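Enquirer: Sharing a structure below in C-alpha cells format, with a few things to ask.
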Amino acid sequence: MTRRERDSLVVGRVIGDVLDSFTKSINLTISYNDREVSNGCTIKPSQVVNQPRVAIGGDDLRAFHTLVMVDPDAPSPSDPDLREYLHWLVTDIPATTGARFGQEVVCYESPRPLVGIHRMVFVLFRQLGRQTVYAPGWRQNFNTRDFAELYNLGSPMAAVYFNCQRESGSGGRQR
C-alpha cells in the first residue's frame, strides 16, 4: 500500500472505525459503470444500484479470497448504532479473478443513505482454504474485525472506500 493509500484510509477513519492498520499485499480494483473507486471519492446512490465489477490481483491461482462491503455509518454518521451494516459478502474468490467467480453468500444491497455522508468500505481477505467462510445471520452490527478473527482471515490484503450520500431531489416535497 502506498503511503497515500494508507493515509487516505486513516484520514477517512476506515483505519480505526473498521480496520486496524495493515499492509496492502494485493491489488483490489472496484468499479461501478467503468468508474474506478478511489479512497474518499464520492459516488451517488443512483450510480451504485448494481453490484460493482471487482478485480483481484495476485499470482497464486490456489489462493481464495473473501470480499466484505460494509457501511460503518449506518443509519447516520452522527449516530452509527447499526455499525457496521453489511452490504455484500463474497467468498471463495480465486486470485487473479473477480467477485463473479466467487460465492455470493450475502447478496449485494445497494447503498441508500438517508442522512449524512456514509463511507462504503470494501475489504479483501485471504482465506485459509475453499468453503471456510460462511454468511453471518444478519447485516446490521456486523463487525469486520470479529468476522476476520472468527474465520482466521488475518489482516486485510487490501481495502478501498467511497463516500455516498442521499441525492438531492430524492423524496421530500414536490415543487
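Letters for chains follow the order of the C-alpha cells (A, B, ...), residue numbers begin at 1 for each chain, and ligand numbers begin at 1 in the order shown.
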Hey, what's within 8 Å of range 72-81 of chain A if we count only C-alpha atoms and toss same-chain stuff fewer than 2 positions away? As a count of residues only, please?
Expert: 16
Enquirer: Could I get the residues of range 28-139 of chain A with an atom no further than 7 Å from an atom of range 148-154 of chain A, each paired with its nearest atom pair and that distance in Å to one decimal, using only C-alpha atoms, sorted by chain and residue number, as JSON lines?
Expert:
{"residue": "A:Phe125", "atom": "CA", "partner": "A:Leu153", "partner_atom": "CA", "distance": 6.0}
{"residue": "A:Arg126", "atom": "CA", "partner": "A:Leu153", "partner_atom": "CA", "distance": 6.0}
{"residue": "A:Gln127", "atom": "CA", "partner": "A:Leu153", "partner_atom": "CA", "distance": 5.6}
{"residue": "A:Leu128", "atom": "CA", "partner": "A:Leu153", "partner_atom": "CA", "distance": 6.9}
{"residue": "A:Val133", "atom": "CA", "partner": "A:Tyr151", "partner_atom": "CA", "distance": 6.1}
Enquirer: Put those residues in a file: N, CA, C and O atoms, as a short mmCIF file (atom, residue, chain, number, x, y, z; two decimals), in the first residue's frame.
Expert:
data_model
loop_
_atom_site.label_atom_id
_atom_site.label_comp_id
_atom_site.auth_asym_id
_atom_site.auth_seq_id
_atom_site.Cartn_x
_atom_site.Cartn_y
_atom_site.Cartn_z
N PHE A 125 -9.82 -10.16 2.13
CA PHE A 125 -9.04 -11.05 2.98
C PHE A 125 -8.66 -12.31 2.19
O PHE A 125 -9.39 -12.71 1.28
N ARG A 126 -7.56 -12.93 2.58
CA ARG A 126 -7.20 -14.23 2.03
C ARG A 126 -7.74 -15.32 2.96
O ARG A 126 -7.57 -15.24 4.17
N GLN A 127 -8.40 -16.30 2.38
CA GLN A 127 -8.96 -17.41 3.15
C GLN A 127 -7.91 -18.50 3.35
O GLN A 127 -6.97 -18.61 2.58
N LEU A 128 -8.13 -19.32 4.38
CA LEU A 128 -7.24 -20.46 4.62
C LEU A 128 -7.47 -21.56 3.58
O LEU A 128 -6.57 -22.34 3.30
N VAL A 133 -15.49 -20.00 4.93
CA VAL A 133 -16.11 -18.77 5.42
C VAL A 133 -17.61 -18.84 5.11
O VAL A 133 -18.00 -19.23 4.00
#
Enquirer: Just the strand (DSSP E or B) stuff from chain A, please, per backbone DSSP, written as number ranges by chain.
Expert: A: 19, 28-32, 35-36, 41-42, 53-56, 64-71, 76, 79, 85-94, 103-106, 117-126, 158-165
Enquirer: Selected residues, C-alpha atoms, written as a PDB file, in the first residue's frame, please.
Expert:
ATOM      1  CA  LEU A  19      -9.924  -1.969  10.426  1.00  0.00           C
ATOM      2  CA  LEU A  28      -8.040  -4.706  -5.497  1.00  0.00           C
ATOM      3  CA  THR A  29      -9.953  -2.740  -8.120  1.00  0.00           C
ATOM      4  CA  ILE A  30     -13.622  -1.873  -7.612  1.00  0.00           C
ATOM      5  CA  SER A  31     -15.528  -0.221 -10.488  1.00  0.00           C
ATOM      6  CA  TYR A  32     -19.087   1.000 -10.895  1.00  0.00           C
ATOM      7  CA  ARG A  35     -15.642   4.344 -12.815  1.00  0.00           C
ATOM      8  CA  GLU A  36     -12.911   3.049 -10.544  1.00  0.00           C
ATOM      9  CA  CYS A  41     -14.201   9.636  -3.821  1.00  0.00           C
ATOM     10  CA  THR A  42     -17.933  10.427  -3.866  1.00  0.00           C
ATOM     11  CA  ARG A  53     -17.045  -5.056 -11.020  1.00  0.00           C
ATOM     12  CA  VAL A  54     -14.273  -6.423  -8.812  1.00  0.00           C
ATOM     13  CA  ALA A  55     -10.784  -7.359  -9.991  1.00  0.00           C
ATOM     14  CA  ILE A  56      -8.331  -9.074  -7.659  1.00  0.00           C
ATOM     15  CA  PHE A  64      -9.053 -17.858  -2.323  1.00  0.00           C
ATOM     16  CA  HIS A  65     -10.342 -14.550  -1.004  1.00  0.00           C
ATOM     17  CA  THR A  66     -13.294 -13.062   0.848  1.00  0.00           C
ATOM     18  CA  LEU A  67     -14.651  -9.630  -0.069  1.00  0.00           C
ATOM     19  CA  VAL A  68     -16.653  -7.678   2.501  1.00  0.00           C
ATOM     20  CA  MET A  69     -18.563  -4.434   1.807  1.00  0.00           C
ATOM     21  CA  VAL A  70     -19.725  -2.524   4.882  1.00  0.00           C
ATOM     22  CA  ASP A  71     -21.182   0.832   5.866  1.00  0.00           C
ATOM     23  CA  SER A  76     -26.358   8.048  10.274  1.00  0.00           C
ATOM     24  CA  ASP A  79     -25.399   8.009  15.465  1.00  0.00           C
ATOM     25  CA  TYR A  85     -24.008  -2.606   8.071  1.00  0.00           C
ATOM     26  CA  LEU A  86     -23.067  -5.479   5.759  1.00  0.00           C
ATOM     27  CA  HIS A  87     -23.915  -4.665   2.139  1.00  0.00           C
ATOM     28  CA  TRP A  88     -22.195  -7.571   0.402  1.00  0.00           C
ATOM     29  CA  LEU A  89     -20.171 -10.696   1.179  1.00  0.00           C
ATOM     30  CA  VAL A  90     -18.472 -12.838  -1.445  1.00  0.00           C
ATOM     31  CA  THR A  91     -16.255 -15.808  -0.536  1.00  0.00           C
ATOM     32  CA  ASP A  92     -14.068 -18.308  -2.403  1.00  0.00           C
ATOM     33  CA  ILE A  93     -12.874 -15.759  -4.983  1.00  0.00           C
ATOM     34  CA  PRO A  94      -9.817 -17.170  -6.759  1.00  0.00           C
ATOM     35  CA  GLN A 103     -19.709 -17.429  -3.945  1.00  0.00           C
ATOM     36  CA  GLU A 104     -22.070 -14.585  -3.098  1.00  0.00           C
ATOM     37  CA  VAL A 105     -23.098 -15.604   0.429  1.00  0.00           C
ATOM     38  CA  VAL A 106     -24.778 -12.285   1.298  1.00  0.00           C
ATOM     39  CA  ILE A 117     -22.219  11.115   4.195  1.00  0.00           C
ATOM     40  CA  HIS A 118     -21.667   7.371   4.520  1.00  0.00           C
ATOM     41  CA  ARG A 119     -18.393   5.538   3.869  1.00  0.00           C
ATOM     42  CA  MET A 120     -18.783   2.336   1.864  1.00  0.00           C
ATOM     43  CA  VAL A 121     -15.787   0.143   2.640  1.00  0.00           C
ATOM     44  CA  PHE A 122     -14.564  -2.848   0.654  1.00  0.00           C
ATOM     45  CA  VAL A 123     -12.129  -5.169   2.438  1.00  0.00           C
ATOM     46  CA  LEU A 124     -10.349  -8.151   0.895  1.00  0.00           C
ATOM     47  CA  PHE A 125      -9.035 -11.054   2.975  1.00  0.00           C
ATOM     48  CA  ARG A 126      -7.201 -14.230   2.027  1.00  0.00           C
ATOM     49  CA  ALA A 158      -6.453  -4.645   0.555  1.00  0.00           C
ATOM     50  CA  ALA A 159      -9.176  -2.092   1.265  1.00  0.00           C
ATOM     51  CA  VAL A 160     -10.812   0.802  -0.557  1.00  0.00           C
ATOM     52  CA  TYR A 161     -13.753   3.053   0.268  1.00  0.00           C
ATOM     53  CA  PHE A 162     -16.004   5.674  -1.261  1.00  0.00           C
ATOM     54  CA  ASN A 163     -18.375   8.255   0.171  1.00  0.00           C
ATOM     55  CA  CYS A 164     -22.086   8.115  -0.582  1.00  0.00           C
ATOM     56  CA  GLN A 165     -24.930  10.418   0.433  1.00  0.00           C
TER      57      GLN A 165
END
Enquirer: Grab the CA of Arg13 in chain A to CA of Gly40 in chain A distance for me, in Å with one decimal place.
Expert: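 Between these atoms lies a distance of 10.4 Å.
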Enquirer: A:Ile26, A:Met157, A:Ile43, A:Leu82: which is nearest Gly58 in chain A, counting only C-alpha atoms?
Expert: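 With only C-alpha atoms as the atom set, the closest residue is A:Ile26.
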Enquirer: Mind giving me the straight-line distance from CA of Thr23 in chain A to CA of Ala95 in chain A in Å, one decimal?
Expert: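 Separation of CA of Thr23 in chain A and CA of Ala95 in chain A: 17.7 Å.
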Enquirer: If you measure from CA of Val14 in chain A to CA of Thr144 in chain A, what distance in Å do you get, rounded to one decimal?
Expert: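 Result for CA of Val14 in chain A versus CA of Thr144 in chain A: 11.2 Å, one decimal.
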Enquirer: Among chain A, which ones does DSSP place in helix (DSSP H, G or I), written as a PyMOL selection string?
Expert: chain A and resi 3-11+14-17+45-47+99-101+144-150
